[in-house]
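Novice: Handing over data27.txt, compact mmCIF, C-alpha atoms.
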```
# COMPACT_ATOMS: atom_id res chain seq x y z
CA MET A 109 0.00 0.00 0.00
CA PRO A 110 1.35 3.46 -0.86
CA SER A 111 2.07 5.94 1.92
CA ARG A 112 0.97 9.55 1.86
CA ALA A 113 4.47 10.55 0.77
CA ASP A 114 4.18 8.30 -2.30
CA ILE A 115 1.12 10.13 -3.68
CA THR A 116 0.73 13.45 -5.45
CA TYR A 117 -2.98 14.13 -5.65
CA PHE A 118 -4.14 16.39 -8.50
CA GLY A 119 -7.86 16.18 -7.69
CA ALA A 120 -9.99 19.26 -8.35
CA GLY A 121 -11.51 19.44 -4.90
CA PRO A 122 -11.57 18.66 -2.11
CA ALA A 123 -7.89 19.19 -2.75
CA LEU A 124 -4.68 17.98 -1.21
CA LEU A 125 -3.86 19.56 2.15
CA PRO A 126 -0.32 20.04 3.46
CA THR A 127 0.65 17.10 5.66
CA SER A 128 2.00 19.39 8.38
CA VAL A 129 -1.38 21.15 8.59
CA LEU A 130 -3.21 17.83 8.90
CA GLU A 131 -0.84 16.66 11.64
CA THR A 132 -1.41 19.85 13.64
CA ALA A 133 -5.16 19.63 13.07
CA ALA A 134 -5.22 15.99 14.15
CA GLU A 135 -3.72 16.92 17.51
CA ALA A 136 -6.18 19.80 17.90
CA LEU A 137 -9.06 17.48 17.10
CA ILE A 138 -8.14 15.30 20.08
CA ASN A 139 -7.01 17.86 22.66
CA TYR A 140 -7.02 21.56 21.81
CA GLN A 141 -4.61 23.68 23.85
CA ASP A 142 -4.57 21.13 26.68
CA THR A 143 -8.25 21.63 27.44
CA GLY A 144 -9.06 17.93 27.32
CA LEU A 145 -11.52 18.61 24.53
CA GLY A 146 -11.04 18.55 20.79
CA ILE A 147 -11.53 21.71 18.77
CA ALA A 148 -14.69 20.31 17.18
CA GLU A 149 -16.18 19.84 20.64
CA HIS A 150 -15.69 23.38 21.95
CA SER A 151 -18.67 25.71 21.70
CA HIS A 152 -18.74 28.04 18.72
CA ARG A 153 -19.61 30.72 21.31
CA SER A 154 -16.39 30.14 23.24
CA GLN A 155 -13.41 32.48 23.30
CA TYR A 156 -11.43 29.73 21.59
CA ALA A 157 -13.76 29.93 18.60
CA ALA A 158 -13.67 33.73 18.50
CA ASP A 159 -9.88 33.73 18.62
CA ILE A 160 -9.63 31.19 15.78
CA ILE A 161 -11.99 33.23 13.58
CA ASN A 162 -10.30 36.55 14.32
CA GLN A 163 -6.81 35.19 13.73
CA ALA A 164 -7.82 33.56 10.44
CA LYS A 165 -9.38 36.83 9.29
CA ALA A 166 -6.26 38.77 10.23
CA ASP A 167 -3.94 36.31 8.47
CA LEU A 168 -6.07 36.28 5.30
CA ALA A 169 -6.11 40.08 5.24
CA ASN A 170 -2.35 40.12 5.75
CA TYR A 171 -1.60 37.52 3.07
CA LEU A 172 -3.78 39.16 0.39
CA ASP A 173 -3.29 42.76 1.56
CA ILE A 174 -7.04 43.25 1.95
CA PRO A 175 -7.83 46.93 2.61
CA ASN A 176 -9.40 47.96 5.92
CA ASP A 177 -12.67 48.94 4.27
CA TYR A 178 -13.53 45.29 3.61
CA GLU A 179 -15.14 42.73 5.93
CA ILE A 180 -14.32 39.01 5.92
CA LEU A 181 -17.14 36.55 6.51
CA PHE A 182 -17.04 32.79 7.11
CA MET A 183 -20.23 31.21 5.79
CA GLN A 184 -21.64 27.86 4.73
CA GLY A 185 -23.27 26.64 1.54
CA GLY A 186 -20.24 26.60 -0.75
CA GLY A 187 -19.85 28.55 -3.96
CA SER A 188 -23.26 27.36 -5.08
CA GLY A 189 -24.79 28.95 -1.99
CA GLU A 190 -23.06 32.21 -2.90
CA PHE A 191 -24.67 32.13 -6.35
CA SER A 192 -27.87 32.75 -4.40
CA ALA A 193 -26.48 34.93 -1.62
CA THR A 194 -24.93 37.46 -4.00
CA VAL A 195 -28.26 37.86 -5.78
CA TYR A 196 -30.21 38.34 -2.54
CA ASN A 197 -27.79 40.80 -0.97
CA LEU A 198 -26.84 42.88 -3.98
CA VAL A 199 -30.40 43.21 -5.23
CA GLY A 200 -31.21 44.36 -1.70
CA ALA A 201 -28.39 46.91 -1.82
CA TRP A 202 -29.65 48.12 -5.21
CA VAL A 203 -33.16 48.62 -3.80
CA THR A 204 -31.77 50.56 -0.83
CA LYS A 205 -29.79 52.82 -3.13
CA LYS A 206 -32.73 53.32 -5.49
CA LYS A 207 -35.02 54.14 -2.54
CA ALA A 208 -32.59 56.86 -1.40
CA GLU A 209 -32.58 58.34 -4.91
CA ILE A 210 -36.38 58.40 -5.03
CA LEU A 211 -36.64 60.01 -1.59
CA GLN A 212 -34.19 62.68 -2.67
CA ARG A 213 -36.19 63.32 -5.83
CA LEU A 214 -39.33 63.68 -3.74
CA GLY A 215 -37.56 66.10 -1.43
CA ALA A 216 -37.83 63.84 1.61
CA GLN A 217 -35.24 63.02 4.25
CA SER A 218 -36.85 59.74 5.36
CA GLU A 219 -39.57 57.27 4.43
CA GLU A 220 -41.88 58.72 7.06
CA GLU A 221 -42.11 61.99 5.12
CA VAL A 222 -43.64 60.45 1.99
CA ASN A 223 -46.73 58.47 1.12
CA GLN A 224 -45.76 54.82 1.40
CA GLU A 225 -47.89 53.70 -1.49
CA GLU A 226 -46.28 56.33 -3.71
CA LEU A 227 -42.79 55.25 -2.60
CA VAL A 228 -43.50 51.57 -3.29
CA SER A 229 -45.05 52.46 -6.64
CA GLU A 230 -41.98 54.44 -7.69
CA LEU A 231 -39.67 51.68 -6.51
CA LYS A 232 -41.66 49.04 -8.41
CA LYS A 233 -41.37 51.10 -11.57
CA ALA A 234 -37.60 51.32 -11.07
CA VAL A 235 -37.31 47.58 -10.45
CA ASP A 236 -39.27 46.75 -13.59
CA ALA A 237 -37.43 49.23 -15.78
CA GLU A 238 -33.88 49.28 -14.45
CA LEU A 239 -32.93 46.27 -12.30
CA LYS A 240 -30.34 44.10 -14.06
CA LEU A 241 -27.70 41.61 -12.96
CA ASP A 242 -24.91 41.06 -15.50
CA TYR A 243 -23.15 37.73 -15.93
CA LEU A 244 -20.00 36.88 -17.87
CA VAL A 245 -20.41 33.18 -18.65
CA THR A 246 -17.06 31.55 -19.42
CA GLY A 247 -17.58 28.03 -18.08
CA GLY A 248 -19.77 25.63 -16.18
CA TRP A 249 -19.69 27.46 -12.85
CA SER A 250 -20.51 30.92 -14.16
CA LEU A 251 -23.30 29.31 -16.18
CA LYS A 252 -24.74 27.84 -12.97
CA ALA A 253 -24.53 31.24 -11.28
CA TYR A 254 -26.38 32.88 -14.18
CA GLN A 255 -29.06 30.20 -14.14
CA GLU A 256 -29.54 30.55 -10.39
CA ALA A 257 -30.07 34.30 -10.71
CA GLY A 258 -32.71 33.68 -13.36
CA ARG A 259 -34.39 31.10 -11.15
CA LEU A 260 -34.55 33.46 -8.16
CA LEU A 261 -35.47 36.68 -9.93
CA GLY A 262 -36.78 35.76 -13.35
CA PRO A 263 -34.87 35.98 -16.63
CA GLU A 264 -36.10 39.51 -17.27
CA TYR A 265 -33.74 40.76 -14.55
CA THR A 266 -30.61 38.89 -15.70
CA ASN A 267 -28.34 39.92 -18.55
CA LEU A 268 -26.01 37.47 -20.28
CA ALA A 269 -23.37 40.10 -20.94
CA ALA A 270 -20.91 37.62 -22.45
CA ASP A 271 -21.16 33.95 -23.43
CA ALA A 272 -17.91 32.19 -24.25
CA ARG A 273 -19.72 29.46 -26.16
CA ALA A 274 -20.68 32.00 -28.83
CA VAL A 275 -17.03 32.45 -29.81
CA ASN A 276 -15.88 28.84 -29.47
CA GLN A 277 -18.25 26.68 -31.53
CA GLY A 278 -20.69 26.15 -28.70
CA LYS A 279 -18.07 25.06 -26.16
CA PHE A 280 -16.24 26.77 -23.33
CA GLY A 281 -12.53 27.41 -23.70
CA LYS A 282 -12.22 31.09 -24.55
CA ILE A 283 -13.14 34.46 -23.05
CA PRO A 284 -14.91 36.80 -25.49
CA GLU A 285 -13.16 40.06 -26.34
CA GLU A 286 -14.18 42.76 -23.88
CA SER A 287 -15.32 44.98 -26.74
CA THR A 288 -18.14 42.49 -27.37
CA TRP A 289 -19.47 42.45 -23.81
CA LYS A 290 -22.99 43.84 -23.51
CA LEU A 291 -22.88 45.35 -20.04
CA SER A 292 -25.98 46.96 -18.56
CA LYS A 293 -26.17 50.56 -17.37
CA ASN A 294 -25.71 50.64 -13.59
CA PRO A 295 -26.36 46.92 -12.94
CA ALA A 296 -26.95 45.66 -9.42
CA MET A 297 -23.82 43.59 -9.98
CA VAL A 298 -21.50 42.18 -12.62
CA TYR A 299 -20.53 38.58 -11.85
CA TYR A 300 -17.71 36.49 -13.25
CA CYS A 301 -15.82 33.34 -12.26
CA ASP A 302 -12.11 34.14 -12.13
CA ASN A 303 -11.09 30.53 -12.73
CA GLU A 304 -13.36 27.89 -14.22
CA THR A 305 -12.41 24.62 -12.53
CA VAL A 306 -14.19 22.34 -15.00
CA ASP A 307 -13.13 24.01 -18.23
CA GLY A 308 -9.62 25.15 -17.34
CA VAL A 309 -10.24 28.83 -18.16
CA GLU A 310 -8.77 31.64 -16.06
CA PHE A 311 -9.05 35.40 -16.52
CA PRO A 312 -5.47 36.61 -17.14
CA LYS A 313 -6.17 39.81 -15.18
CA PHE A 314 -8.95 42.04 -13.93
CA PRO A 315 -11.07 43.08 -16.93
CA ASP A 316 -10.48 46.67 -18.06
CA SER A 317 -14.19 46.99 -18.91
CA LEU A 318 -15.07 46.66 -15.23
CA GLY A 319 -12.90 49.55 -14.10
CA PRO A 320 -14.22 52.94 -12.91
CA ASP A 321 -16.14 55.19 -15.30
CA SER A 322 -15.19 58.73 -16.29
CA ASN A 323 -16.53 59.97 -12.94
CA GLY A 324 -14.43 57.48 -11.00
CA VAL A 325 -17.43 55.33 -10.07
CA ARG A 326 -16.82 51.59 -10.05
CA PRO A 327 -19.46 49.01 -10.94
CA ILE A 328 -20.46 46.43 -8.32
CA VAL A 329 -18.16 43.58 -9.35
CA VAL A 330 -18.57 40.10 -7.85
CA ALA A 331 -16.01 37.35 -8.44
CA ASP A 332 -16.01 33.65 -7.64
CA MET A 333 -12.37 32.82 -6.86
CA SER A 334 -12.98 29.38 -5.37
CA SER A 335 -10.24 27.63 -7.32
CA ASN A 336 -7.49 30.24 -7.69
CA ILE A 337 -7.67 32.31 -4.51
CA LEU A 338 -4.34 32.62 -2.64
CA SER A 339 -2.43 31.68 -5.82
CA ARG A 340 -1.88 35.20 -7.18
CA ARG A 341 -2.20 38.83 -6.18
CA VAL A 342 -5.76 40.12 -6.30
CA PRO A 343 -6.62 43.81 -6.76
CA VAL A 344 -9.19 43.56 -3.98
CA GLU A 345 -10.16 47.22 -4.25
CA ASN A 346 -11.62 46.53 -7.73
CA PHE A 347 -14.26 44.21 -6.28
CA SER A 348 -17.34 44.70 -4.16
CA VAL A 349 -17.60 41.00 -3.27
CA ILE A 350 -15.15 38.11 -3.63
CA PHE A 351 -16.21 34.66 -2.51
CA PHE A 352 -14.56 31.25 -2.49
CA GLY A 353 -15.02 27.79 -1.09
CA ALA A 354 -12.15 26.75 1.16
CA GLN A 355 -11.63 23.28 -0.30
CA LYS A 356 -9.20 24.16 -3.11
CA ASN A 357 -6.40 26.39 -1.81
CA LEU A 358 -7.49 27.36 1.69
CA GLY A 359 -8.60 24.30 3.61
CA SER A 360 -11.25 21.66 3.94
CA THR A 361 -14.82 21.44 2.72
CA GLY A 362 -17.38 23.15 4.95
CA VAL A 363 -16.43 26.84 4.98
CA THR A 364 -17.05 29.53 2.37
CA VAL A 365 -15.28 32.87 2.63
CA VAL A 366 -16.79 36.19 1.55
CA ILE A 367 -14.73 39.36 1.27
CA ILE A 368 -17.19 42.26 1.04
CA LYS A 369 -16.77 46.00 0.86
CA LYS A 370 -18.08 47.53 4.07
CA ASP A 371 -20.06 50.21 2.26
CA LEU A 372 -22.43 47.43 1.13
CA LEU A 373 -23.25 46.72 4.78
CA PRO A 374 -25.08 48.77 7.41
CA PRO A 375 -25.09 51.60 8.19
CA ALA A 376 -24.32 52.60 4.59
CA TYR A 377 -26.61 50.03 2.94
CA PRO A 378 -29.04 48.26 5.27
CA GLN A 379 -31.04 45.58 3.54
CA PRO A 380 -34.68 46.36 2.70
CA SER A 381 -37.35 44.96 4.99
CA PRO A 382 -39.01 41.68 4.03
CA THR A 383 -42.29 43.60 3.76
CA LEU A 384 -40.87 45.94 1.14
CA LEU A 385 -39.31 43.10 -0.83
CA ARG A 386 -42.65 41.28 -0.91
CA LYS A 387 -44.38 44.40 -2.24
CA LEU A 388 -41.73 44.69 -4.96
CA GLY A 389 -42.05 41.03 -5.91
CA LEU A 390 -38.41 40.34 -5.02
CA PRO A 391 -37.07 37.29 -3.14
CA ILE A 392 -36.36 37.42 0.58
CA PRO A 393 -33.04 35.81 1.55
CA PRO A 394 -32.75 33.08 4.16
CA VAL A 395 -31.23 34.77 7.20
CA ILE A 396 -28.08 32.60 7.03
CA PHE A 397 -27.38 34.08 3.58
CA SER A 398 -27.73 37.66 4.84
CA TYR A 399 -24.31 39.31 4.73
CA GLU A 400 -25.29 41.99 7.23
CA THR A 401 -26.49 39.32 9.69
CA ILE A 402 -23.29 37.28 9.36
CA ALA A 403 -21.11 40.40 9.63
CA LYS A 404 -22.98 41.67 12.69
CA ASN A 405 -22.37 38.34 14.44
CA ASN A 406 -18.71 37.92 13.42
CA SER A 407 -19.69 34.84 11.36
CA LEU A 408 -21.32 33.21 14.38
CA TYR A 409 -25.02 33.78 13.79
CA ASN A 410 -25.43 30.01 13.58
CA THR A 411 -23.12 27.08 14.38
CA LEU A 412 -20.05 27.47 12.21
CA SER A 413 -17.58 24.61 11.76
CA ILE A 414 -14.73 26.07 13.83
CA PHE A 415 -12.54 23.08 13.01
CA ASP A 416 -12.68 23.96 9.32
CA VAL A 417 -11.85 27.59 10.08
CA TYR A 418 -8.94 26.33 12.19
CA ILE A 419 -7.58 24.31 9.25
CA ALA A 420 -7.89 27.37 7.00
CA GLY A 421 -6.03 29.38 9.59
CA GLN A 422 -3.22 26.82 9.73
CA VAL A 423 -2.91 26.87 5.93
CA LEU A 424 -2.61 30.67 6.04
CA LYS A 425 0.03 30.54 8.78
CA ARG A 426 2.02 28.07 6.72
CA LEU A 427 1.82 30.32 3.65
CA LEU A 428 2.90 33.38 5.62
CA THR A 429 5.84 31.47 7.10
CA THR A 430 6.89 29.99 3.75
CA PHE A 431 6.60 33.22 1.75
CA PRO A 432 7.89 36.41 3.42
CA ASP A 433 6.60 38.27 0.37
CA LYS A 434 3.20 36.69 0.98
CA VAL A 435 0.98 35.98 -2.05
CA ASP A 436 3.63 37.22 -4.50
CA GLY A 437 5.91 34.36 -3.49
CA GLN A 438 3.18 31.76 -3.93
CA GLU A 439 2.23 33.29 -7.29
CA ALA A 440 5.78 32.81 -8.59
CA VAL A 441 5.71 29.13 -7.60
CA ALA A 442 2.23 28.61 -9.07
CA ASN A 443 3.32 30.12 -12.37
CA GLN A 444 6.45 27.97 -12.48
CA LYS A 445 4.48 24.79 -11.83
CA ALA A 446 1.91 25.58 -14.52
CA GLU A 447 4.58 26.48 -17.04
CA THR A 448 6.38 23.19 -16.36
CA ILE A 449 3.25 21.12 -17.04
CA TYR A 450 2.10 23.08 -20.08
CA LYS A 451 5.58 22.92 -21.60
CA ALA A 452 5.57 19.13 -21.33
CA LEU A 453 2.17 18.96 -23.03
CA GLU A 454 3.17 21.35 -25.80
CA ALA A 455 6.24 19.24 -26.58
CA HIS A 456 3.97 16.43 -27.89
CA PRO A 457 1.18 18.04 -29.96
CA ASN A 458 0.33 14.74 -31.65
CA THR A 459 -0.45 13.13 -28.30
CA TYR A 460 -1.88 15.94 -26.21
CA LYS A 461 -4.47 18.59 -27.02
CA ILE A 462 -4.77 21.37 -24.44
CA VAL A 463 -8.46 22.26 -24.22
CA PRO A 464 -8.70 26.03 -23.57
CA ASP A 465 -7.23 28.75 -25.77
CA LYS A 466 -3.64 29.61 -24.83
CA SER A 467 -4.62 33.17 -23.90
CA VAL A 468 -6.88 31.99 -21.07
CA ARG A 469 -5.24 28.79 -19.84
CA SER A 470 -5.76 28.21 -16.15
CA ARG A 471 -2.71 27.90 -13.92
CA MET A 472 -4.81 25.92 -11.43
CA ASN A 473 -6.79 23.45 -13.57
CA ILE A 474 -4.86 22.16 -16.57
CA CYS A 475 -7.31 20.42 -18.92
CA PHE A 476 -6.21 18.33 -21.88
CA ARG A 477 -7.08 15.33 -24.03
CA VAL A 478 -4.86 12.36 -24.93
CA THR A 479 -4.94 10.69 -28.32
CA GLY A 480 -3.34 7.49 -29.59
CA ALA A 481 -3.63 4.87 -32.28
CA ASP A 482 -6.43 3.13 -30.33
CA GLY A 483 -8.46 6.33 -29.95
CA THR A 484 -8.86 8.97 -27.28
CA GLU A 485 -10.86 6.85 -24.82
CA ASN A 486 -8.31 4.05 -24.67
CA ALA A 487 -5.36 6.44 -24.58
CA GLU A 488 -6.83 8.39 -21.68
CA ALA A 489 -7.69 5.23 -19.77
CA LYS A 490 -4.09 4.06 -20.12
CA PHE A 491 -2.78 7.50 -19.16
CA LEU A 492 -4.80 7.47 -15.94
CA LYS A 493 -3.84 3.87 -15.10
CA ASP A 494 -0.13 4.44 -15.69
CA ALA A 495 -0.15 7.74 -13.82
CA THR A 496 -1.81 6.14 -10.80
CA ALA A 497 0.82 3.41 -10.80
CA ARG A 498 3.41 6.18 -10.43
CA GLY A 499 1.59 7.87 -7.56
CA LEU A 500 0.06 10.63 -9.72
CA THR A 501 -3.64 10.48 -8.85
CA GLY A 502 -6.84 12.50 -9.21
CA LEU A 503 -6.23 13.30 -12.87
CA LYS A 504 -9.58 12.30 -14.35
CA GLY A 505 -11.46 15.19 -15.94
CA HIS A 506 -14.84 16.42 -14.76
CA ARG A 507 -17.69 14.05 -15.54
CA SER A 508 -19.40 16.66 -17.74
CA VAL A 509 -16.47 17.10 -20.14
CA GLY A 510 -14.19 14.08 -19.71
CA GLY A 511 -10.52 14.16 -20.57
CA ILE A 512 -7.66 14.76 -18.16
CA ARG A 513 -7.44 17.53 -15.58
CA ALA A 514 -4.40 18.25 -13.43
CA SER A 515 -5.40 20.57 -10.61
CA ASN A 516 -2.27 22.49 -9.74
CA TYR A 517 -3.33 23.97 -6.41
CA ASN A 518 -0.97 25.57 -3.90
CA SER A 519 -0.51 22.32 -1.98
CA ILE A 520 1.06 20.63 -5.02
CA PRO A 521 4.82 21.00 -4.55
CA LEU A 522 7.06 22.01 -7.44
CA SER A 523 8.49 18.49 -7.38
CA GLY A 524 4.96 17.12 -7.91
CA ALA A 525 4.48 19.27 -11.01
CA GLN A 526 7.90 18.21 -12.27
CA ASN A 527 7.08 14.54 -11.74
CA LEU A 528 3.83 14.95 -13.68
CA ALA A 529 5.66 16.73 -16.50
CA LEU A 530 8.19 13.90 -16.67
CA PHE A 531 5.40 11.34 -16.82
CA ILE A 532 3.61 13.33 -19.55
CA ASP A 533 6.81 13.29 -21.62
CA ASN A 534 7.56 9.61 -21.04
CA PHE A 535 3.99 8.52 -21.72
CA ALA A 536 3.95 10.31 -25.08
CA ARG A 537 7.22 8.69 -26.10
CA THR A 538 5.94 5.25 -25.04
CA LEU A 539 2.64 5.74 -26.84
CA GLY A 540 4.57 6.55 -29.97
```
Show this structure as structure tokens.

Specialist:
Amino acid sequence: MPSRADITYFGAGPALLPTSVLETAAEALINYQDTGLGIAEHSHRSQYAADIINQAKADLANYLDIPNDYEILFMQGGGSGEFSATVYNLVGAWVTKKKAEILQRLGAQSEEEVNQEELVSELKKAVDAELKLDYLVTGGWSLKAYQEAGRLLGPEYTNLAADARAVNQGKFGKIPEESTWKLSKNPAMVYYCDNETVDGVEFPKFPDSLGPDSNGVRPIVVADMSSNILSRRVPVENFSVIFFGAQKNLGSTGVTVVIIKKDLLPPAYPQPSPTLLRKLGLPIPPVIFSYETIAKNNSLYNTLSIFDVYIAGQVLKRLLTTFPDKVDGQEAVANQKAETIYKALEAHPNTYKIVPDKSVRSRMNICFRVTGADGTENAEAKFLKDATARGLTGLKGHRSVGGIRASNYNSIPLSGAQNLALFIDNFARTLG
């Protein structure tokens, strides 16, 4: 039987965790800080829990250089839960902003100074005429986010601002030119997935089209960074909301992190009342998806998995210890690993076909097909079997697209990427 040291796991998630983190977590799970209780047994209302949350928040802010005008939330529900939560909260923020504009137009300082029926009527007109959520669909996950928004609100309120399938023969694998994006005027949010785990597509940088306008006003930009967070520097100030599941680069399954600009929270933007939302025909969020509720309670409105936050915190401490230059150091390693693997694939174009366009290749999820004399299916089956025999596991592509996928997350050491590259080269030569 192979030992842990014999295996390099390239699975897309849950991903490989550093062995040292698991060893520390295992001790904490049995007896945390000599309390006689494991960390998973301590109350989430205890000082131990508060300290773990606060330290993890501080280390994440330090590692990514998150500005002080952002709040960090630990939530549950995964990225898929955030497809819903972003809709609920940012539509609510849009309604609050629109209500303030209407009150100003009516010459009122507060709701009490105007006829409520008139206010609701004006708001309903604005919702029907102006409310839009823009989505840049570049892969399977952004497509799911777009579909969820349509399910919650109705398709009349969602705008497919860009669809990568339209420029790639009905398949994902490219990002449309920004000049072709059909962005709405003052949308409640513009959503995109920074790295598409299934399709191996990553935005090379923050899109210029989503920068500030001529008056310096930025759009409300939301990004799903579940599979590339912590792997490169992020211009956090360009975003209103960033969210990511922990199970790729941060920790174990069970915690979802939200980085949100504080001016989208009370007192600047309190969420509308459920009564008002009902009158406007808009959905009311479950309270556990309410950003203002989670923020007000320091992520402890309900029972949070403190053990999972602890693991995330240990991963962050390890990163900060390993890289004095923080995320920039990890980014250099991530780029080197990706370049090593892609170079090996490019050396054998008759055997390997890299799926996404070169301009948008993911550094985290390297997707390719294998061909041989006996056909793609047989060649890929042999590739997976031979790789597993050499301790290179988790390489099977997503069930919806097939092929091979090497997930090159932060926990994959450079030696692991080099071993995979060597296998890729040797397999091609053997296959002939």

Novice: Place a sphere of radius 12 Å on (-6.8, 46.2, 2.7) in the file coordinates and name every protein, DNA or RNA residue with an atom inside or on its surface, counting only C-alpha atoms; give the answer as a list of chain:residue names.

Specialist: A:Lys165, A:Ala166, A:Asp167, A:Leu168, A:Ala169, A:Asn170, A:Tyr171, A:Leu172, A:Asp173, A:Ile174, A:Pro175, A:Asn176, A:Asp177, A:Tyr178, A:Glu179, A:Ile180, A:Val342, A:Pro343, A:Val344, A:Glu345, A:Asn346, A:Phe347, A:Ile367, A:Ile368, A:Lys369, A:Lys370

Novice: For A:Ala257, which of A:Ser128, A:Ser335, A:Asn406, A:Thr194 is the closest residue, counting all atoms listed in the file?

Specialist: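 Comparing A:Ser128, A:Ser335, A:Asn406, A:Thr194 against A:Ala257, the winner is A:Thr194.
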
Novice: Fewer than 6 positions away in the same chain doesn't count, so skip those; otherwise give me all residues within 10 Å of A:Leu130, counting all atoms listed in the file, as a short mmCIF file (atom, residue, chain, number, x, y, z; two decimals) with C-alpha atoms, keeping the file's coordinate frame.

Specialist:
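Below is the file that was written, result32.cif:
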```
data_model
loop_
_atom_site.label_atom_id
_atom_site.label_comp_id
_atom_site.auth_asym_id
_atom_site.auth_seq_id
_atom_site.Cartn_x
_atom_site.Cartn_y
_atom_site.Cartn_z
CA ALA A 136 -6.18 19.80 17.90
CA GLY A 359 -8.60 24.30 3.61
CA ILE A 419 -7.58 24.31 9.25
CA GLN A 422 -3.22 26.82 9.73
CA VAL A 423 -2.91 26.87 5.93
#
```

Novice: Do you have, as CSV, the list of residues of stretch 286-366 of chain A lying at most 12 Å from stretch 234-248 of chain A, each with its nearest atom pair and that distance in Å to one decimal, counting all atoms listed in the file and ordered by chain then number?

Specialist:
```
residue,atom,partner,partner_atom,distance
A:Glu286,CA,A:Leu244,CA,10.2
A:Thr288,CA,A:Leu244,CA,11.2
A:Trp289,CA,A:Leu244,CA,8.2
A:Lys290,CA,A:Asp242,CA,8.7
A:Leu291,CA,A:Asp242,CA,6.6
A:Ser292,CA,A:Asp242,CA,6.7
A:Lys293,CA,A:Glu238,CA,8.3
A:Asn294,CA,A:Lys240,CA,8.0
A:Pro295,CA,A:Lys240,CA,5.0
A:Ala296,CA,A:Leu241,CA,5.4
A:Met297,CA,A:Leu241,CA,5.3
A:Val298,CA,A:Asp242,CA,4.6
A:Tyr299,CA,A:Tyr243,CA,4.9
A:Tyr300,CA,A:Leu244,CA,5.2
A:Cys301,CA,A:Thr246,CA,7.5
A:Asp302,CA,A:Thr246,CA,9.2
A:Asn303,CA,A:Gly247,CA,8.8
A:Glu304,CA,A:Gly247,CA,5.7
A:Thr305,CA,A:Gly248,CA,8.3
A:Val306,CA,A:Gly248,CA,6.6
A:Asp307,CA,A:Gly247,CA,6.0
A:Gly308,CA,A:Gly247,CA,8.5
A:Val309,CA,A:Gly247,CA,7.4
A:Glu310,CA,A:Thr246,CA,8.9
A:Phe311,CA,A:Thr246,CA,9.3
A:Pro315,CA,A:Leu244,CA,10.9
A:Ser317,CA,A:Leu244,CA,11.7
A:Leu318,CA,A:Leu244,CA,11.3
A:Pro327,CA,A:Asp242,CA,10.7
A:Ile328,CA,A:Leu241,CA,9.9
A:Val329,CA,A:Asp242,CA,9.5
A:Val330,CA,A:Tyr243,CA,9.6
A:Ala331,CA,A:Leu244,CA,10.3
A:Asp332,CA,A:Leu244,CA,11.4
```

Novice: Take atom CA of A:Pro457 and atom CA of A:Asn473 and report the distance between them in Å, one decimal.

Specialist: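 Here the two named atoms are 19.0 Å from each other.
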
Novice: Determine the nearest neighbour of A:Val365 from the options A:Leu427, A:Ala216, A:Val435, A:Met183, counting only C-alpha atoms.

Specialist: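 Selected residue with least distance to A:Val365: A:Met183.
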
Novice: Which residues are close to A:Pro374, i.e. within 12 Å by all atoms listed in the file, leaving aside same-chain residues fewer than 2 positions away? Reply as a list in words.

Specialist: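 The neighbour list is Glu179, Asn197, Gly200, Ala201, Thr204, Lys369, Lys370, Asp371, Leu372, Ala376, Tyr377, Pro378, Gln379, Pro380, Ser398, Tyr399, Glu400, Thr401, Ile402, Ala403 and Lys404 of chain A.
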
Novice: Mind dumping the selected residues with C-alpha atoms as an mmCIF file, keeping the file's coordinate frame?

Specialist:
```cif
data_model
loop_
_atom_site.group_PDB
_atom_site.id
_atom_site.type_symbol
_atom_site.label_atom_id
_atom_site.label_comp_id
_atom_site.auth_asym_id
_atom_site.auth_seq_id
_atom_site.Cartn_x
_atom_site.Cartn_y
_atom_site.Cartn_z
ATOM 1 C CA GLU A 179 -15.140 42.730 5.930
ATOM 2 C CA ASN A 197 -27.790 40.800 -0.970
ATOM 3 C CA GLY A 200 -31.210 44.360 -1.700
ATOM 4 C CA ALA A 201 -28.390 46.910 -1.820
ATOM 5 C CA THR A 204 -31.770 50.560 -0.830
ATOM 6 C CA LYS A 369 -16.770 46.000 0.860
ATOM 7 C CA LYS A 370 -18.080 47.530 4.070
ATOM 8 C CA ASP A 371 -20.060 50.210 2.260
ATOM 9 C CA LEU A 372 -22.430 47.430 1.130
ATOM 10 C CA ALA A 376 -24.320 52.600 4.590
ATOM 11 C CA TYR A 377 -26.610 50.030 2.940
ATOM 12 C CA PRO A 378 -29.040 48.260 5.270
ATOM 13 C CA GLN A 379 -31.040 45.580 3.540
ATOM 14 C CA PRO A 380 -34.680 46.360 2.700
ATOM 15 C CA SER A 398 -27.730 37.660 4.840
ATOM 16 C CA TYR A 399 -24.310 39.310 4.730
ATOM 17 C CA GLU A 400 -25.290 41.990 7.230
ATOM 18 C CA THR A 401 -26.490 39.320 9.690
ATOM 19 C CA ILE A 402 -23.290 37.280 9.360
ATOM 20 C CA ALA A 403 -21.110 40.400 9.630
ATOM 21 C CA LYS A 404 -22.980 41.670 12.690
#
```

Novice: Between A:Ala487, A:Glu221, A:Leu388, A:Asn516, which residue has the minimum interatomic distance to A:Glu447, considering all atoms listed in the file?

Specialist: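 For A:Glu447, the nearest of the given residues is A:Asn516.
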
Novice: Atom CA of A:Tyr117 and atom CA of A:Ala446 are how many Å apart?

Specialist: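 Distance reported for this atom pair: 15.3 Å.
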
Novice: Which residues come within 12 Å of A:His152, counting all atoms listed in the file, excluding same-chain residues fewer than 5 positions away, as a list in words?

Specialist: Ile147, Ala157, Ala158, Asp159, Ile160, Ile161, Asn405, Asn406, Ser407, Leu408, Tyr409, Asn410, Thr411, Leu412, Ser413, Ile414, Phe415, Asp416, Val417 and Tyr418 of chain A
